[in-house]
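Visitor: Dropping in target_5.cif, with mmCIF, C-alpha atoms.
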data_my_file
#
loop_
_atom_site.group_PDB
_atom_site.id
_atom_site.type_symbol
_atom_site.label_atom_id
_atom_site.label_comp_id
_atom_site.auth_asym_id
_atom_site.auth_seq_id
_atom_site.Cartn_x
_atom_site.Cartn_y
_atom_site.Cartn_z
ATOM 1 C CA MET M 697 98.120 -10.073 -16.924
ATOM 2 C CA THR M 698 99.359 -6.472 -17.189
ATOM 3 C CA GLN M 699 100.513 -4.871 -13.953
ATOM 4 C CA PHE M 700 100.306 -1.121 -13.450
ATOM 5 C CA THR M 701 102.831 0.690 -11.323
ATOM 6 C CA GLU M 702 101.376 3.050 -8.736
ATOM 7 C CA ASN M 703 102.080 6.667 -9.652
ATOM 8 C CA LYS M 704 104.243 7.659 -6.705
ATOM 9 C CA ASP M 705 107.907 8.130 -5.859
ATOM 10 C CA THR M 706 109.774 5.286 -4.187
ATOM 11 C CA PRO M 707 113.227 5.242 -2.559
ATOM 12 C CA ALA M 708 114.387 2.559 -4.995
ATOM 13 C CA GLY M 709 113.198 4.579 -7.977
ATOM 14 C CA LEU M 710 114.972 7.694 -6.724
ATOM 15 C CA ALA M 711 118.195 5.732 -6.136
ATOM 16 C CA PHE M 712 118.048 4.211 -9.630
ATOM 17 C CA ALA M 713 117.354 7.548 -11.325
ATOM 18 C CA LEU M 714 120.033 9.454 -9.415
ATOM 19 C CA THR M 715 122.585 6.745 -10.168
ATOM 20 C CA SER M 716 121.846 6.810 -13.888
ATOM 21 C CA TYR M 717 121.959 10.608 -14.147
ATOM 22 C CA VAL M 718 125.217 10.823 -12.188
ATOM 23 C CA LEU M 719 126.746 8.145 -14.437
ATOM 24 C CA TRP M 720 125.626 10.064 -17.538
ATOM 25 C CA GLY M 721 126.948 13.292 -16.045
ATOM 26 C CA GLY M 722 130.382 11.746 -15.535
ATOM 27 C CA LEU M 723 130.469 10.049 -18.945
ATOM 28 C CA PRO M 724 132.492 12.881 -20.586
ATOM 29 C CA ILE M 725 135.433 12.010 -18.324
ATOM 30 C CA TYR M 726 135.479 8.447 -19.657
ATOM 31 C CA MET M 727 135.033 9.623 -23.243
ATOM 32 C CA LYS M 728 137.871 12.107 -22.860
ATOM 33 C CA TRP M 729 140.225 9.185 -22.210
ATOM 34 C CA LEU M 730 139.242 7.963 -25.692
ATOM 35 C CA ALA M 731 139.608 11.335 -27.405
ATOM 36 C CA HIS M 732 142.488 9.970 -29.519
ATOM 37 C CA VAL M 733 140.193 7.327 -31.041
ATOM 38 C CA PRO M 734 137.901 8.402 -33.944
ATOM 39 C CA ALA M 735 134.283 8.829 -32.883
ATOM 40 C CA ALA M 736 133.007 6.225 -35.369
ATOM 41 C CA GLU M 737 135.298 3.573 -33.907
ATOM 42 C CA VAL M 738 134.266 4.435 -30.337
ATOM 43 C CA VAL M 739 130.580 4.206 -31.266
ATOM 44 C CA ALA M 740 131.138 0.858 -32.987
ATOM 45 C CA HIS M 741 132.663 -0.526 -29.791
ATOM 46 C CA ARG M 742 129.886 1.018 -27.680
ATOM 47 C CA VAL M 743 127.472 -1.032 -29.759
ATOM 48 C CA LEU M 744 129.430 -4.290 -29.843
ATOM 49 C CA TRP M 745 130.284 -4.421 -26.148
ATOM 50 C CA SER M 746 126.756 -3.405 -25.138
ATOM 51 C CA VAL M 747 125.410 -6.630 -26.671
ATOM 52 C CA PRO M 748 126.879 -9.063 -24.093
ATOM 53 C CA VAL M 749 126.152 -6.705 -21.187
ATOM 54 C CA ALA M 750 122.517 -6.173 -22.164
ATOM 55 C CA GLY M 751 122.170 -9.858 -23.055
ATOM 56 C CA LEU M 752 123.367 -11.043 -19.658
ATOM 57 C CA ILE M 753 120.987 -8.653 -17.922
ATOM 58 C CA LEU M 754 118.031 -9.904 -19.968
ATOM 59 C CA LEU M 755 118.965 -13.493 -19.167
ATOM 60 C CA ALA M 756 119.201 -12.659 -15.467
ATOM 61 C CA LEU M 757 115.790 -10.951 -15.573
ATOM 62 C CA ARG M 758 114.328 -13.760 -17.724
ATOM 63 C CA ARG M 759 113.048 -11.238 -20.260
ATOM 64 C CA THR M 760 114.283 -12.895 -23.453
ATOM 65 C CA GLY M 761 110.834 -14.036 -24.619
ATOM 66 C CA ASP M 762 109.742 -10.588 -25.777
ATOM 67 C CA LEU M 763 113.048 -10.110 -27.595
ATOM 68 C CA ILE M 764 112.678 -13.366 -29.523
ATOM 69 C CA GLU M 765 109.129 -12.414 -30.487
ATOM 70 C CA ALA M 766 110.304 -8.971 -31.635
ATOM 71 C CA LEU M 767 112.964 -10.528 -33.846
ATOM 72 C CA ARG M 768 110.181 -12.440 -35.612
ATOM 73 C CA THR M 769 108.024 -9.336 -36.150
ATOM 74 C CA PRO M 770 108.971 -7.225 -39.210
ATOM 75 C CA ARG M 771 107.090 -4.128 -38.025
ATOM 76 C CA THR M 772 108.887 -4.142 -34.673
ATOM 77 C CA LEU M 773 112.238 -4.644 -36.395
ATOM 78 C CA ILE M 774 111.618 -1.659 -38.672
ATOM 79 C CA MET M 775 110.649 0.542 -35.724
ATOM 80 C CA ALA M 776 113.712 -0.634 -33.787
ATOM 81 C CA ALA M 777 115.910 0.104 -36.802
ATOM 82 C CA VAL M 778 114.666 3.716 -36.747
ATOM 83 C CA THR M 779 115.469 4.145 -33.052
ATOM 84 C CA ALA M 780 118.811 2.378 -33.545
ATOM 85 C CA VAL M 781 119.829 4.848 -36.252
ATOM 86 C CA LEU M 782 118.784 7.816 -34.115
ATOM 87 C CA VAL M 783 120.664 6.644 -31.028
ATOM 88 C CA SER M 784 123.789 5.926 -33.086
ATOM 89 C CA VAL M 785 123.652 9.458 -34.523
ATOM 90 C CA ASN M 786 123.299 10.834 -30.998
ATOM 91 C CA TRP M 787 126.249 8.795 -29.712
ATOM 92 C CA SER M 788 128.411 9.829 -32.677
ATOM 93 C CA ILE M 789 127.801 13.549 -32.151
ATOM 94 C CA TYR M 790 128.341 13.224 -28.403
ATOM 95 C CA VAL M 791 131.617 11.293 -28.660
ATOM 96 C CA TRP M 792 132.942 13.703 -31.295
ATOM 97 C CA ALA M 793 131.955 16.730 -29.193
ATOM 98 C CA ILE M 794 133.868 15.516 -26.141
ATOM 99 C CA ALA M 795 137.004 14.806 -28.189
ATOM 100 C CA ALA M 796 136.742 18.184 -29.954
ATOM 101 C CA ASP M 797 136.449 20.170 -26.691
ATOM 102 C CA ARG M 798 132.774 20.938 -27.327
ATOM 103 C CA THR M 799 131.465 19.485 -24.072
ATOM 104 C CA LEU M 800 129.614 22.710 -23.220
ATOM 105 C CA ASP M 801 127.687 22.358 -26.464
ATOM 106 C CA ALA M 802 126.770 18.813 -25.447
ATOM 107 C CA ALA M 803 125.445 20.079 -22.112
ATOM 108 C CA LEU M 804 123.410 22.737 -23.918
ATOM 109 C CA GLY M 805 121.903 20.117 -26.205
ATOM 110 C CA TYR M 806 120.638 18.032 -23.310
ATOM 111 C CA TYR M 807 119.339 21.119 -21.502
ATOM 112 C CA ILE M 808 117.265 22.048 -24.551
ATOM 113 C CA ASN M 809 115.979 18.515 -25.148
ATOM 114 C CA PRO M 810 112.950 18.625 -22.769
ATOM 115 C CA LEU M 811 111.742 21.833 -24.397
ATOM 116 C CA PHE M 812 112.223 20.315 -27.843
ATOM 117 C CA SER M 813 110.089 17.346 -26.765
ATOM 118 C CA VAL M 814 107.321 19.714 -25.670
ATOM 119 C CA ALA M 815 107.505 21.599 -28.982
ATOM 120 C CA MET M 816 107.483 18.321 -30.911
ATOM 121 C CA GLY M 817 104.385 17.216 -29.029
ATOM 122 C CA ALA M 818 102.647 20.429 -30.084
ATOM 123 C CA VAL M 819 103.645 20.081 -33.734
ATOM 124 C CA ILE M 820 103.266 16.326 -34.256
ATOM 125 C CA LEU M 821 100.658 15.340 -31.679
ATOM 126 C CA ARG M 822 98.765 18.653 -31.741
ATOM 127 C CA GLU M 823 99.143 19.020 -27.977
ATOM 128 C CA ARG M 824 98.134 22.421 -26.645
ATOM 129 C CA LEU M 825 100.868 24.488 -25.042
ATOM 130 C CA SER M 826 100.346 26.704 -22.035
ATOM 131 C CA ARG M 827 101.622 30.270 -22.070
ATOM 132 C CA SER M 828 104.440 29.266 -19.740
ATOM 133 C CA GLN M 829 105.513 26.473 -22.062
ATOM 134 C CA MET M 830 105.447 28.802 -25.078
ATOM 135 C CA LEU M 831 107.541 31.347 -23.155
ATOM 136 C CA ALA M 832 110.036 28.646 -22.168
ATOM 137 C CA ILE M 833 110.402 27.461 -25.759
ATOM 138 C CA ALA M 834 110.790 31.071 -26.975
ATOM 139 C CA LEU M 835 113.571 31.668 -24.429
ATOM 140 C CA ALA M 836 115.379 28.499 -25.504
ATOM 141 C CA VAL M 837 115.149 29.505 -29.170
ATOM 142 C CA ALA M 838 116.426 32.969 -28.295
ATOM 143 C CA GLY M 839 119.374 31.423 -26.450
ATOM 144 C CA VAL M 840 120.284 29.352 -29.502
ATOM 145 C CA VAL M 841 120.004 32.454 -31.699
ATOM 146 C CA VAL M 842 122.412 34.322 -29.411
ATOM 147 C CA LEU M 843 124.967 31.540 -29.785
ATOM 148 C CA ALA M 844 124.476 31.404 -33.557
ATOM 149 C CA ILE M 845 124.948 35.168 -33.967
ATOM 150 C CA GLU M 846 128.032 35.261 -31.759
ATOM 151 C CA ALA M 847 129.675 32.245 -33.420
ATOM 152 C CA GLY M 848 128.540 33.142 -36.923
ATOM 153 C CA SER M 849 127.180 29.619 -37.422
ATOM 154 C CA VAL M 850 124.436 27.323 -36.193
ATOM 155 C CA PRO M 851 125.354 25.480 -32.934
ATOM 156 C CA TRP M 852 124.945 22.153 -34.711
ATOM 157 C CA VAL M 853 126.391 20.025 -31.912
ATOM 158 C CA ALA M 854 123.761 21.160 -29.411
ATOM 159 C CA LEU M 855 120.926 21.013 -31.943
ATOM 160 C CA GLY M 856 122.093 17.663 -33.319
ATOM 161 C CA LEU M 857 122.045 16.121 -29.848
ATOM 162 C CA THR M 858 118.675 17.720 -29.100
ATOM 163 C CA PHE M 859 116.987 16.521 -32.280
ATOM 164 C CA SER M 860 118.495 13.032 -32.328
ATOM 165 C CA TRP M 861 117.701 12.270 -28.672
ATOM 166 C CA GLY M 862 114.284 13.927 -28.784
ATOM 167 C CA LEU M 863 113.265 11.924 -31.858
ATOM 168 C CA TYR M 864 114.789 8.781 -30.351
ATOM 169 C CA ALA M 865 112.693 9.169 -27.198
ATOM 170 C CA PHE M 866 109.586 9.868 -29.289
ATOM 171 C CA PHE M 867 109.902 6.768 -31.468
ATOM 172 C CA LYS M 868 111.151 4.658 -28.563
ATOM 173 C CA LYS M 869 107.741 5.009 -26.924
ATOM 174 C CA MET M 870 106.195 3.322 -29.952
ATOM 175 C CA LEU M 871 108.267 0.150 -29.613
ATOM 176 C CA PRO M 872 105.872 -2.571 -28.386
ATOM 177 C CA ILE M 873 108.453 -4.101 -26.036
ATOM 178 C CA GLY M 874 110.029 -3.127 -22.724
ATOM 179 C CA PRO M 875 112.940 -0.643 -22.559
ATOM 180 C CA ASN M 876 115.542 -3.290 -21.677
ATOM 181 C CA GLN M 877 114.462 -5.570 -24.509
ATOM 182 C CA GLY M 878 114.228 -2.560 -26.833
ATOM 183 C CA PHE M 879 117.801 -1.531 -26.085
ATOM 184 C CA MET M 880 119.021 -5.066 -26.725
ATOM 185 C CA LEU M 881 117.153 -5.138 -30.031
ATOM 186 C CA GLU M 882 118.702 -1.805 -31.071
ATOM 187 C CA VAL M 883 122.274 -2.853 -30.363
ATOM 188 C CA LEU M 884 121.706 -6.195 -32.088
ATOM 189 C CA ILE M 885 120.622 -4.321 -35.223
ATOM 190 C CA LEU M 886 123.578 -1.939 -34.979
ATOM 191 C CA ALA M 887 126.011 -4.777 -34.250
ATOM 192 C CA VAL M 888 126.011 -5.902 -37.887
ATOM 193 C CA PRO M 889 127.453 -2.658 -39.373
ATOM 194 C CA ALA M 890 129.539 -2.061 -36.240
ATOM 195 C CA LEU M 891 131.233 -5.456 -36.529
ATOM 196 C CA GLY M 892 131.842 -4.882 -40.230
ATOM 197 C CA TYR M 893 133.421 -1.489 -39.552
ATOM 198 C CA VAL M 894 135.662 -2.796 -36.761
ATOM 199 C CA ALA M 895 136.775 -5.697 -38.993
ATOM 200 C CA TYR M 896 137.528 -3.246 -41.806
ATOM 201 C CA LEU M 897 139.669 -1.078 -39.508
ATOM 202 C CA ALA M 898 141.581 -4.138 -38.318
ATOM 203 C CA ALA M 899 142.182 -5.313 -41.886
ATOM 204 C CA GLN M 900 143.486 -1.859 -42.857
ATOM 205 C CA GLY M 901 145.713 -1.646 -39.805
ATOM 206 C CA HIS M 902 143.842 1.386 -38.480
ATOM 207 C CA SER M 903 142.207 -0.213 -35.455
ATOM 208 C CA HIS M 904 142.963 1.256 -32.019
ATOM 209 C CA PHE M 905 141.548 -1.762 -30.197
ATOM 210 C CA SER M 906 144.824 -3.659 -29.955
ATOM 211 C CA ASP M 907 147.134 -0.622 -29.775
ATOM 212 C CA SER M 908 147.629 -0.993 -26.041
ATOM 213 C CA PRO M 909 146.068 -2.776 -23.047
ATOM 214 C CA MET M 910 144.590 0.592 -21.982
ATOM 215 C CA ASN M 911 142.854 1.124 -25.320
ATOM 216 C CA THR M 912 141.530 -2.418 -25.281
ATOM 217 C CA ALA M 913 140.144 -2.033 -21.769
ATOM 218 C CA LEU M 914 138.600 1.389 -22.450
ATOM 219 C CA LEU M 915 136.906 0.296 -25.672
ATOM 220 C CA MET M 916 135.577 -2.893 -24.075
ATOM 221 C CA GLY M 917 134.367 -0.817 -21.141
ATOM 222 C CA CYS M 918 132.210 1.202 -23.538
ATOM 223 C CA GLY M 919 129.636 -1.571 -23.303
ATOM 224 C CA VAL M 920 129.323 -1.243 -19.548
ATOM 225 C CA ILE M 921 129.203 2.573 -19.479
ATOM 226 C CA THR M 922 126.605 2.533 -22.276
ATOM 227 C CA ALA M 923 124.253 -0.254 -21.235
ATOM 228 C CA ILE M 924 124.275 -0.021 -17.430
ATOM 229 C CA PRO M 925 123.040 3.616 -17.032
ATOM 230 C CA LEU M 926 120.295 3.070 -19.630
ATOM 231 C CA ILE M 927 119.034 -0.067 -17.929
ATOM 232 C CA ILE M 928 119.254 1.466 -14.441
ATOM 233 C CA TYR M 929 117.272 4.463 -15.689
ATOM 234 C CA ALA M 930 114.654 2.287 -17.391
ATOM 235 C CA ASN M 931 113.968 0.481 -14.128
ATOM 236 C CA GLY M 932 114.018 3.651 -12.032
ATOM 237 C CA ALA M 933 111.567 5.466 -14.299
ATOM 238 C CA LYS M 934 108.901 2.863 -13.497
ATOM 239 C CA LEU M 935 109.151 3.711 -9.792
ATOM 240 C CA LEU M 936 108.931 7.510 -10.001
ATOM 241 C CA ARG M 937 106.305 10.073 -10.914
ATOM 242 C CA LEU M 938 106.662 11.781 -14.277
ATOM 243 C CA SER M 939 107.132 15.159 -12.578
ATOM 244 C CA THR M 940 110.034 13.801 -10.514
ATOM 245 C CA ILE M 941 111.740 12.418 -13.622
ATOM 246 C CA GLY M 942 111.185 15.785 -15.306
ATOM 247 C CA ILE M 943 113.137 17.580 -12.598
ATOM 248 C CA LEU M 944 115.870 14.966 -12.139
ATOM 249 C CA GLN M 945 116.717 14.946 -15.860
ATOM 250 C CA TYR M 946 118.607 18.227 -15.441
ATOM 251 C CA ILE M 947 121.206 16.546 -13.222
ATOM 252 C CA ALA M 948 123.120 15.014 -16.144
ATOM 253 C CA PRO M 949 123.557 18.177 -18.264
ATOM 254 C CA THR M 950 124.425 20.154 -15.125
ATOM 255 C CA LEU M 951 127.206 17.696 -14.273
ATOM 256 C CA ILE M 952 128.363 17.755 -17.912
ATOM 257 C CA PHE M 953 128.451 21.555 -17.726
ATOM 258 C CA LEU M 954 130.524 21.486 -14.523
ATOM 259 C CA VAL M 955 132.925 18.901 -15.983
ATOM 260 C CA ALA M 956 133.377 21.027 -19.118
ATOM 261 C CA VAL M 957 134.137 24.237 -17.211
ATOM 262 C CA PHE M 958 136.085 22.994 -14.195
ATOM 263 C CA LEU M 959 137.788 19.806 -15.423
ATOM 264 C CA PHE M 960 138.165 20.363 -19.160
ATOM 265 C CA ASP M 961 138.696 24.124 -18.793
ATOM 266 C CA GLU M 962 136.438 24.962 -21.738
ATOM 267 C CA GLU M 963 135.786 28.657 -22.246
ATOM 268 C CA PHE M 964 132.491 29.955 -20.862
ATOM 269 C CA ASP M 965 132.512 32.912 -23.228
ATOM 270 C CA HIS M 966 130.288 35.990 -23.432
ATOM 271 C CA ALA M 967 127.690 34.388 -25.710
ATOM 272 C CA ARG M 968 127.364 31.371 -23.440
ATOM 273 C CA GLN M 969 127.111 33.638 -20.400
ATOM 274 C CA ILE M 970 123.983 35.053 -22.032
ATOM 275 C CA ALA M 971 122.577 31.906 -23.655
ATOM 276 C CA PHE M 972 122.927 29.442 -20.788
ATOM 277 C CA PRO M 973 121.045 31.604 -18.226
ATOM 278 C CA MET M 974 118.291 32.029 -20.822
ATOM 279 C CA ILE M 975 118.043 28.245 -21.171
ATOM 280 C CA TRP M 976 118.133 27.789 -17.393
ATOM 281 C CA LEU M 977 115.338 30.345 -16.959
ATOM 282 C CA ALA M 978 113.357 28.545 -19.671
ATOM 283 C CA LEU M 979 113.752 25.255 -17.795
ATOM 284 C CA VAL M 980 112.632 26.838 -14.518
ATOM 285 C CA ILE M 981 109.511 28.206 -16.225
ATOM 286 C CA TYR M 982 108.844 24.877 -17.954
ATOM 287 C CA SER M 983 109.354 22.836 -14.761
ATOM 288 C CA THR M 984 107.143 25.151 -12.697
ATOM 289 C CA SER M 985 104.401 24.905 -15.311
ATOM 290 C CA MET M 986 104.725 21.116 -15.460
ATOM 291 C CA LEU M 987 104.492 20.730 -11.678
ATOM 292 C CA SER M 988 101.487 23.045 -11.578
ATOM 293 C CA GLN M 989 99.701 20.965 -14.211
ATOM 294 C CA MET M 990 100.492 17.739 -12.344
ATOM 295 C CA ARG M 991 98.967 19.132 -9.153
ATOM 296 C CA ARG M 992 95.766 20.144 -10.975
ATOM 297 C CA VAL M 993 95.183 16.639 -12.353
ATOM 298 C CA PRO M 994 92.439 15.043 -10.217
ATOM 299 C CA LYS M 995 93.434 11.891 -8.399
ATOM 300 C CA VAL M 996 91.673 8.696 -9.455
ATOM 301 C CA THR M 997 90.102 6.927 -6.514
#
Translate the structure of the given file into structure tokens.

Guide:
Amino acid sequence: MTQFTENKDTPAGLAFALTSYVLWGGLPIYMKWLAHVPAAEVVAHRVLWSVPVAGLILLALRRTGDLIEALRTPRTLIMAAVTAVLVSVNWSIYVWAIAADRTLDAALGYYINPLFSVAMGAVILRERLSRSQMLAIALAVAGVVVLAIEAGSVPWVALGLTFSWGLYAFFKKMLPIGPNQGFMLEVLILAVPALGYVAYLAAQGHSHFSDSPMNTALLMGCGVITAIPLIIYANGAKLLRLSTIGILQYIAPTLIFLVAVFLFDEEFDHARQIAFPMIWLALVIYSTSMLSQMRRVPKVT
């Protein structure tokens, strides 16, 4: 029998969500320790070491039945393959950005993502946008244009992260299994090419995994820092209202922004001084509009 979660905030849900967003916000620090390792190799290890972590959690939660059924369903496997490709693209861009001192661009990408999701809903699902939402999207686009004009090129890191994560979240909702089982299915699919790539690097003598005990530990730890925040978030999201999640999601890019400026000493140049406030204003307008709409929805008694 299907159980429906009551639409209200709970202390446990808030604790889960805050923990996951803080972990994501501090992830650049961990990734910076691996800046000497090529992004493709880091992503391969993120995939491989996520498998045992996610597997143990599913066993502990006794949620393996849905996973086994999904592995027997071609349609589910195809859908999971799509989300797996999108999340691997997102991870690759993110890891490369941190190593290349483009952490501010990563923060920008995750700031823009909620607005991209709204725009995608209007284009794909024909959802109607309010004036406030249209203004917020216009401000975000204008901010990206400012960066593009100043740099003389498209800010592909920010847009790549925005598009890959936005599309991942969109298709993820279509997976007919729970988020924990879905994540396990994705990393199982990705584990095949990841294992092949890691084996190839080892055979060619280019692997960083056995270079030093530190490299070995950091690459193995990629499984924990990848799987744990995702699973914590998935469980917290069930115990919070959508509006609360909408506001809390800005914690991670804000922490990434602070890490980039104050720990990594990345330049907050003139273009960013214009573009980032435009994006922040867009998010304030979007969040205010979202909260107003939530309040107007009549309560079901």

Visitor: Kindly resolve the PyMOL selection byres ((chain M and resi 834) around 12) on the present coordinates and return the residues as a list in words.

Guide: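 When the PyMOL selection byres ((chain M and resi 834) around 12) is applied to the shown file, the picked residues are Ile808, Leu811, Phe812, Val814, Ala815, Arg827, Ser828, Gln829, Met830, Leu831, Ala832, Ile833, Leu835, Ala836, Val837, Ala838, Gly839, Val840, Val841, Met974, Ile975, Leu977, Ala978, Leu979, Ile981 and Tyr982 of chain M.
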
Visitor: Starting from the displayed file, determine the output of the PyMOL selection byres ((chain M and resi 809) around 9) and express the residue list as a list in words.

Guide: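 Taken over the shown coordinates, the PyMOL selection byres ((chain M and resi 809) around 9) returns Leu804, Gly805, Tyr806, Tyr807, Ile808, Pro810, Leu811, Phe812, Ser813, Val814, Leu855, Leu857, Thr858, Phe859, Trp861 and Gly862 of chain M.
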
Visitor: Find, counting only C-alpha atoms, the residue in M:Gly856, M:Gly721, M:Gly878, M:Gly709 that gets nearest to M:Ala923.

Guide: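 Closest to M:Ala923, using only C-alpha atoms: M:Gly878.
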
Visitor: So that I can see what lies close to M:Arg771, please list as a list in words the residues with an atom at most 12 Å from it, counting only C-alpha atoms and leaving out residues fewer than 5 positions away in the same chain.

Guide: Glu765, Ala766, Ala776, Ala777, Val778, Met870, Leu871 and Pro872 of chain M

Visitor: Since I can't run it myself right now, could you work out what the PyMOL selection byres ((chain M and resi 905-912) around 12) selects here and report it as number ranges by chain?

Guide: M: 726-727, 729-734, 737-738, 740-741, 745, 894-895, 897-898, 901-904, 913-918

Visitor: What does the structure give for the distance between atom CA of M:Ala780 and atom CA of M:Leu710, in Å to one decimal?

Guide: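 If I compute the distance from atom CA of M:Ala780 to atom CA of M:Leu710, I get 27.6 Å.
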
Visitor: Nearest residue to M:Gly751 out of M:Gln969, M:Asn876, M:Ser988, M:Thr769, using all atoms listed in the file?

Guide: M:Asn876

Visitor: Keeping C-alpha atoms, write stretch 722-748 of chain M of the structure just shown out as a PDB file, in the first residue's frame.

Guide:
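Everything below was put into result39.pdb:
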ATOM      1  CA  GLY M 722      32.257  21.842   1.101  1.00  0.00           C
ATOM      2  CA  LEU M 723      32.838  19.345  -1.717  1.00  0.00           C
ATOM      3  CA  PRO M 724      35.179  21.697  -3.664  1.00  0.00           C
ATOM      4  CA  ILE M 725      37.695  21.456  -0.810  1.00  0.00           C
ATOM      5  CA  TYR M 726      37.848  17.674  -1.187  1.00  0.00           C
ATOM      6  CA  MET M 727      38.014  17.906  -4.976  1.00  0.00           C
ATOM      7  CA  LYS M 728      40.827  20.439  -4.770  1.00  0.00           C
ATOM      8  CA  TRP M 729      42.960  17.802  -3.040  1.00  0.00           C
ATOM      9  CA  LEU M 730      42.509  15.734  -6.218  1.00  0.00           C
ATOM     10  CA  ALA M 731      43.243  18.572  -8.636  1.00  0.00           C
ATOM     11  CA  HIS M 732      46.381  16.753  -9.848  1.00  0.00           C
ATOM     12  CA  VAL M 733      44.282  13.786 -11.013  1.00  0.00           C
ATOM     13  CA  PRO M 734      42.514  14.071 -14.424  1.00  0.00           C
ATOM     14  CA  ALA M 735      38.788  14.709 -14.102  1.00  0.00           C
ATOM     15  CA  ALA M 736      37.849  11.550 -16.033  1.00  0.00           C
ATOM     16  CA  GLU M 737      39.797   9.376 -13.605  1.00  0.00           C
ATOM     17  CA  VAL M 738      38.236  11.095 -10.578  1.00  0.00           C
ATOM     18  CA  VAL M 739      34.740  10.597 -12.005  1.00  0.00           C
ATOM     19  CA  ALA M 740      35.466   6.931 -12.721  1.00  0.00           C
ATOM     20  CA  HIS M 741      36.420   6.412  -9.079  1.00  0.00           C
ATOM     21  CA  ARG M 742      33.389   8.403  -7.897  1.00  0.00           C
ATOM     22  CA  VAL M 743      31.278   5.870  -9.761  1.00  0.00           C
ATOM     23  CA  LEU M 744      33.127   2.718  -8.712  1.00  0.00           C
ATOM     24  CA  TRP M 745      33.376   3.528  -5.012  1.00  0.00           C
ATOM     25  CA  SER M 746      29.764   4.725  -4.873  1.00  0.00           C
ATOM     26  CA  VAL M 747      28.585   1.203  -5.749  1.00  0.00           C
ATOM     27  CA  PRO M 748      29.552  -0.488  -2.443  1.00  0.00           C
TER      28      PRO M 748
END
